[in-house]
Amino acid sequence: MLGRIAIDLTKDGNHTRRLDTTLRLAKTHEAEVVGVYPRPESTEYLRGGNLMPPEVSSMVSSHLAEERMQMHELFQKRTQEVGVKATWREPQGFAEEVLAIHARYCDLLVMSQSEKQTSSMRSSPAETVITTAGRPVLMVPFIGEINPIGKRILFCWDRGRRAARALADAGPILRQAKDLVVLTIDENRELAKKQDLHDDDFNAYCASRGYPQPKFIRQISNHINIGTIILNGATDQGCDMVVMGAYNRSRTREWVLGGTSKTLLDSMTVPILFSH
């Protein structure tokens, strides 16, 4: 069971969907919800090396205070309605830094897909948090219906370190799941044979952890983007959630060459739990 779930409470176009998803998950696991509302430092209002004029700075401060109050009231109202234990935090600092820090005191952090595709070379806050928090990050898509998640899970398995980490990090959710679909892409069966690995090894691990009996799906990419294959697999198998390791290559190579993690952050259709 999840004990503490942190959520990014930045007010944006997806905060309501993010909160609803978090509260459903918290109710299922009887978990405490830690609402993290990042408060920007004054240095974040530098423009061209100069501070904002005092009158502009005052307007911005007033707007942020009102926004913070609205989010606090919404958080209190919704957590009380659902009946979950809740804690409100408003740390000062850059969002990616304070979210990563608070995530380390929780089992999971919930964030959202951006409204815009991550096309620039600059890392998004979500990407930075995923790779620095040391905790799994559940990303909520910007589109689609808000449904209960974690009942039928698609897990991406490549025998790599990050995938193994994801399999363990998602343990509390996997133990509550009814179905587990294991997707492998371009699997090297000959290498597995040389290494004396068997599907029964994965089955035995899942059984020892109280996970559902895995159903294996094997795909050949044939030069199709891996992220697209994962999203199609989730749809074809009727999965409500994807679990996977993130950024097997360096982030720079992901951005320049176009990698699986980037594709999924841009195009996700179901919530995805990323583990790094």
# chains A, B, ... in the order shown; residues from 1 in each chain; ligands from 1

call {"tool": "select_by_dssp", "arguments": {"residues": "segment 183-241 of chain A", "states": "strand (DSSP E)", "output": "list of chain:residue names"}}
result
A:Leu183, A:Thr184, A:Ile185, A:Pro214, A:Lys215, A:Phe216, A:Ile217, A:Arg218, A:Gln219, A:Met241

call {"tool": "write_last_selection", "arguments": {"atoms": "all heavy atoms", "output": "PDB file, in the first residue's frame"}}
result
ATOM      1  N   LEU A 183       4.985  -5.887 -21.606  1.00  0.00           N
ATOM      2  CA  LEU A 183       5.334  -5.619 -23.002  1.00  0.00           C
ATOM      3  C   LEU A 183       6.844  -5.640 -23.173  1.00  0.00           C
ATOM      4  O   LEU A 183       7.565  -4.921 -22.486  1.00  0.00           O
ATOM      5  CB  LEU A 183       4.784  -4.254 -23.424  1.00  0.00           C
ATOM      6  CG  LEU A 183       5.200  -3.754 -24.812  1.00  0.00           C
ATOM      7  CD1 LEU A 183       4.626  -4.653 -25.901  1.00  0.00           C
ATOM      8  CD2 LEU A 183       4.766  -2.303 -25.009  1.00  0.00           C
ATOM      9  N   THR A 184       7.329  -6.475 -24.081  1.00  0.00           N
ATOM     10  CA  THR A 184       8.736  -6.456 -24.475  1.00  0.00           C
ATOM     11  C   THR A 184       8.802  -6.129 -25.959  1.00  0.00           C
ATOM     12  O   THR A 184       7.978  -6.596 -26.748  1.00  0.00           O
ATOM     13  CB  THR A 184       9.432  -7.801 -24.203  1.00  0.00           C
ATOM     14  OG1 THR A 184       8.801  -8.822 -24.996  1.00  0.00           O
ATOM     15  CG2 THR A 184       9.337  -8.182 -22.728  1.00  0.00           C
ATOM     16  N   ILE A 185       9.792  -5.320 -26.318  1.00  0.00           N
ATOM     17  CA  ILE A 185       9.939  -4.875 -27.708  1.00  0.00           C
ATOM     18  C   ILE A 185      11.333  -5.246 -28.199  1.00  0.00           C
ATOM     19  O   ILE A 185      12.341  -4.960 -27.531  1.00  0.00           O
ATOM     20  CB  ILE A 185       9.706  -3.354 -27.820  1.00  0.00           C
ATOM     21  CG1 ILE A 185       8.313  -3.000 -27.291  1.00  0.00           C
ATOM     22  CG2 ILE A 185       9.871  -2.886 -29.263  1.00  0.00           C
ATOM     23  CD1 ILE A 185       8.057  -1.508 -27.189  1.00  0.00           C
ATOM     24  N   PRO A 214       1.580 -12.417 -14.771  1.00  0.00           N
ATOM     25  CA  PRO A 214       1.827 -11.593 -15.961  1.00  0.00           C
ATOM     26  C   PRO A 214       1.307 -12.233 -17.245  1.00  0.00           C
ATOM     27  O   PRO A 214       1.330 -13.456 -17.404  1.00  0.00           O
ATOM     28  CB  PRO A 214       3.365 -11.492 -16.008  1.00  0.00           C
ATOM     29  CG  PRO A 214       3.838 -11.941 -14.669  1.00  0.00           C
ATOM     30  CD  PRO A 214       2.822 -12.905 -14.160  1.00  0.00           C
ATOM     31  N   LYS A 215       0.874 -11.375 -18.152  1.00  0.00           N
ATOM     32  CA  LYS A 215       0.545 -11.769 -19.518  1.00  0.00           C
ATOM     33  C   LYS A 215       1.576 -11.105 -20.420  1.00  0.00           C
ATOM     34  O   LYS A 215       1.689  -9.883 -20.444  1.00  0.00           O
ATOM     35  CB  LYS A 215      -0.862 -11.304 -19.895  1.00  0.00           C
ATOM     36  CG  LYS A 215      -1.195 -11.506 -21.370  1.00  0.00           C
ATOM     37  CD  LYS A 215      -2.529 -10.869 -21.740  1.00  0.00           C
ATOM     38  CE  LYS A 215      -2.811 -10.995 -23.226  1.00  0.00           C
ATOM     39  NZ  LYS A 215      -4.086 -10.330 -23.612  1.00  0.00           N
ATOM     40  N   PHE A 216       2.353 -11.903 -21.160  1.00  0.00           N
ATOM     41  CA  PHE A 216       3.438 -11.362 -21.971  1.00  0.00           C
ATOM     42  C   PHE A 216       2.955 -11.010 -23.377  1.00  0.00           C
ATOM     43  O   PHE A 216       2.271 -11.789 -24.038  1.00  0.00           O
ATOM     44  CB  PHE A 216       4.595 -12.364 -22.060  1.00  0.00           C
ATOM     45  CG  PHE A 216       5.381 -12.488 -20.790  1.00  0.00           C
ATOM     46  CD1 PHE A 216       5.016 -13.410 -19.815  1.00  0.00           C
ATOM     47  CD2 PHE A 216       6.474 -11.676 -20.548  1.00  0.00           C
ATOM     48  CE1 PHE A 216       5.733 -13.529 -18.641  1.00  0.00           C
ATOM     49  CE2 PHE A 216       7.194 -11.777 -19.375  1.00  0.00           C
ATOM     50  CZ  PHE A 216       6.829 -12.707 -18.416  1.00  0.00           C
ATOM     51  N   ILE A 217       3.357  -9.811 -23.816  1.00  0.00           N
ATOM     52  CA  ILE A 217       3.106  -9.359 -25.185  1.00  0.00           C
ATOM     53  C   ILE A 217       4.465  -9.003 -25.782  1.00  0.00           C
ATOM     54  O   ILE A 217       5.191  -8.160 -25.244  1.00  0.00           O
ATOM     55  CB  ILE A 217       2.191  -8.117 -25.229  1.00  0.00           C
ATOM     56  CG1 ILE A 217       0.860  -8.410 -24.544  1.00  0.00           C
ATOM     57  CG2 ILE A 217       1.972  -7.670 -26.670  1.00  0.00           C
ATOM     58  CD1 ILE A 217       0.024  -9.450 -25.244  1.00  0.00           C
ATOM     59  N   ARG A 218       4.810  -9.635 -26.900  1.00  0.00           N
ATOM     60  CA  ARG A 218       6.101  -9.376 -27.534  1.00  0.00           C
ATOM     61  C   ARG A 218       5.870  -8.680 -28.876  1.00  0.00           C
ATOM     62  O   ARG A 218       5.093  -9.150 -29.691  1.00  0.00           O
ATOM     63  CB  ARG A 218       6.878 -10.682 -27.712  1.00  0.00           C
ATOM     64  CG  ARG A 218       7.314 -11.281 -26.393  1.00  0.00           C
ATOM     65  CD  ARG A 218       8.103 -12.581 -26.569  1.00  0.00           C
ATOM     66  NE  ARG A 218       8.731 -12.976 -25.317  1.00  0.00           N
ATOM     67  CZ  ARG A 218       8.157 -13.715 -24.384  1.00  0.00           C
ATOM     68  NH1 ARG A 218       6.917 -14.175 -24.577  1.00  0.00           N
ATOM     69  NH2 ARG A 218       8.791 -14.001 -23.277  1.00  0.00           N
ATOM     70  N   GLN A 219       6.593  -7.554 -29.063  1.00  0.00           N
ATOM     71  CA  GLN A 219       6.430  -6.770 -30.279  1.00  0.00           C
ATOM     72  C   GLN A 219       7.779  -6.568 -30.971  1.00  0.00           C
ATOM     73  O   GLN A 219       8.817  -6.500 -30.311  1.00  0.00           O
ATOM     74  CB  GLN A 219       5.834  -5.395 -29.950  1.00  0.00           C
ATOM     75  CG  GLN A 219       4.439  -5.433 -29.346  1.00  0.00           C
ATOM     76  CD  GLN A 219       3.366  -5.616 -30.407  1.00  0.00           C
ATOM     77  OE1 GLN A 219       3.661  -5.721 -31.589  1.00  0.00           O
ATOM     78  NE2 GLN A 219       2.113  -5.664 -29.986  1.00  0.00           N
ATOM     79  N   MET A 241      -3.116   2.234 -17.183  1.00  0.00           N
ATOM     80  CA  MET A 241      -1.895   2.810 -16.634  1.00  0.00           C
ATOM     81  C   MET A 241      -0.690   2.112 -17.248  1.00  0.00           C
ATOM     82  O   MET A 241      -0.746   0.925 -17.573  1.00  0.00           O
ATOM     83  CB  MET A 241      -1.882   2.639 -15.104  1.00  0.00           C
ATOM     84  CG  MET A 241      -0.693   3.229 -14.403  1.00  0.00           C
ATOM     85  SD  MET A 241      -0.874   2.960 -12.605  1.00  0.00           S
ATOM     86  CE  MET A 241       0.651   3.691 -12.028  1.00  0.00           C
TER      87      MET A 241
END

call {"tool": "residues_around", "arguments": {"residues": "Leu174 of chain A", "least_positions_apart": "6", "cutoff": "10 Å", "atoms": "only C-alpha atoms", "output": "PyMOL selection string"}}
result
chain A and resi 1+150-153+155+167-168+180+206+209-212+243

call {"tool": "select_by_dssp", "arguments": {"residues": "segment 15-240 of chain A", "states": "helix (DSSP H, G or I)", "output": "NGL selection string"}}
result
:A and (15-29 or 42-45 or 54-82 or 95-103 or 125-132 or 161-169 or 171-174 or 189-194 or 199-209 or 226-236)

call {"tool": "atom_distance", "arguments": {"atom1": "atom CA of Leu154 of chain A", "atom2": "atom CA of Leu273 of chain A"}}
result
10.2 Å

call {"tool": "closest_residue", "arguments": {"among": "A:Ile130, A:Ala204, A:Val36, A:Ala95", "to": "Arg68 of chain A", "atoms": "only C-alpha atoms"}}
result
A:Val36

call {"tool": "atom_distance", "arguments": {"atom1": "atom CA of His72 of chain A", "atom2": "atom CA of Ala170 of chain A"}}
result
28.7 Å

call {"tool": "residues_around", "arguments": {"residues": "Phe274 of chain A", "least_positions_apart": "6", "cutoff": "7 Å", "atoms": "only C-alpha atoms", "output": "ChimeraX atom specification"}}
result
/A:130,136-138,243-246

call {"tool": "write_last_selection", "arguments": {"atoms": "C-alpha atoms", "output": "CSV table (one decimal), in the first residue's frame"}}
result
chain,number,residue,atom,x,y,z
A,130,ILE,CA,11.6,12.4,-13.0
A,136,PRO,CA,8.5,7.3,-9.1
A,137,VAL,CA,6.6,10.1,-10.7
A,138,LEU,CA,3.0,9.5,-12.0
A,243,VAL,CA,4.7,1.6,-15.7
A,244,MET,CA,8.2,2.0,-17.2
A,245,GLY,CA,11.8,3.1,-16.6
A,246,ALA,CA,12.6,6.5,-17.9

call {"tool": "residues_around", "arguments": {"residues": "Arg89 of chain A", "least_positions_apart": "6", "cutoff": "10 Å", "atoms": "only C-alpha atoms", "output": "list in words"}}
result
Ala6, Leu9, Val34, Gly35, Val36, Tyr37, Pro38, Arg39, His72 and His102 of chain A

call {"tool": "residues_around", "arguments": {"residues": "Ser221 of chain A", "least_positions_apart": "6", "cutoff": "12 Å", "atoms": "only C-alpha atoms", "output": "MDAnalysis selection string"}}
result
chainID A and resid 183:187 227:230 232:233

call {"tool": "residues_around", "arguments": {"residues": "Ala86 of chain A", "least_positions_apart": "3", "cutoff": "7 Å", "atoms": "only C-alpha atoms", "output": "PyMOL selection string"}}
result
chain A and resi 32-34+79

call {"tool": "write_last_selection", "arguments": {"atoms": "N, CA, C and O atoms", "output": "short mmCIF file (atom, residue, chain, number, x, y, z; two decimals), in the first residue's frame"}}
result
data_model
loop_
_atom_site.label_atom_id
_atom_site.label_comp_id
_atom_site.auth_asym_id
_atom_site.auth_seq_id
_atom_site.Cartn_x
_atom_site.Cartn_y
_atom_site.Cartn_z
N GLU A 32 -1.94 9.18 2.86
CA GLU A 32 -1.94 10.62 3.11
C GLU A 32 -1.55 11.34 1.82
O GLU A 32 -0.68 10.88 1.08
N VAL A 33 -2.20 12.45 1.54
CA VAL A 33 -1.87 13.27 0.38
C VAL A 33 -1.11 14.51 0.83
O VAL A 33 -1.58 15.26 1.68
N VAL A 34 0.06 14.71 0.27
CA VAL A 34 0.88 15.88 0.58
C VAL A 34 0.80 16.84 -0.62
O VAL A 34 1.38 16.58 -1.68
N THR A 79 -10.06 17.14 -0.47
CA THR A 79 -9.55 16.08 0.41
C THR A 79 -10.54 15.78 1.53
O THR A 79 -10.69 14.62 1.94
#

call {"tool": "closest_residue", "arguments": {"among": "A:His63, A:Val140, A:Arg24, A:Ala234", "to": "Glu81 of chain A", "atoms": "only C-alpha atoms"}}
result
A:Arg24

call {"tool": "atom_distance", "arguments": {"atom1": "atom CA of Gly259 of chain A", "atom2": "atom CA of Ala126 of chain A"}}
result
15.5 Å

call {"tool": "closest_residue", "arguments": {"among": "A:Ile220, A:Val82, A:Leu265, A:Val242", "to": "Pro125 of chain A", "atoms": "only C-alpha atoms"}}
result
A:Leu265
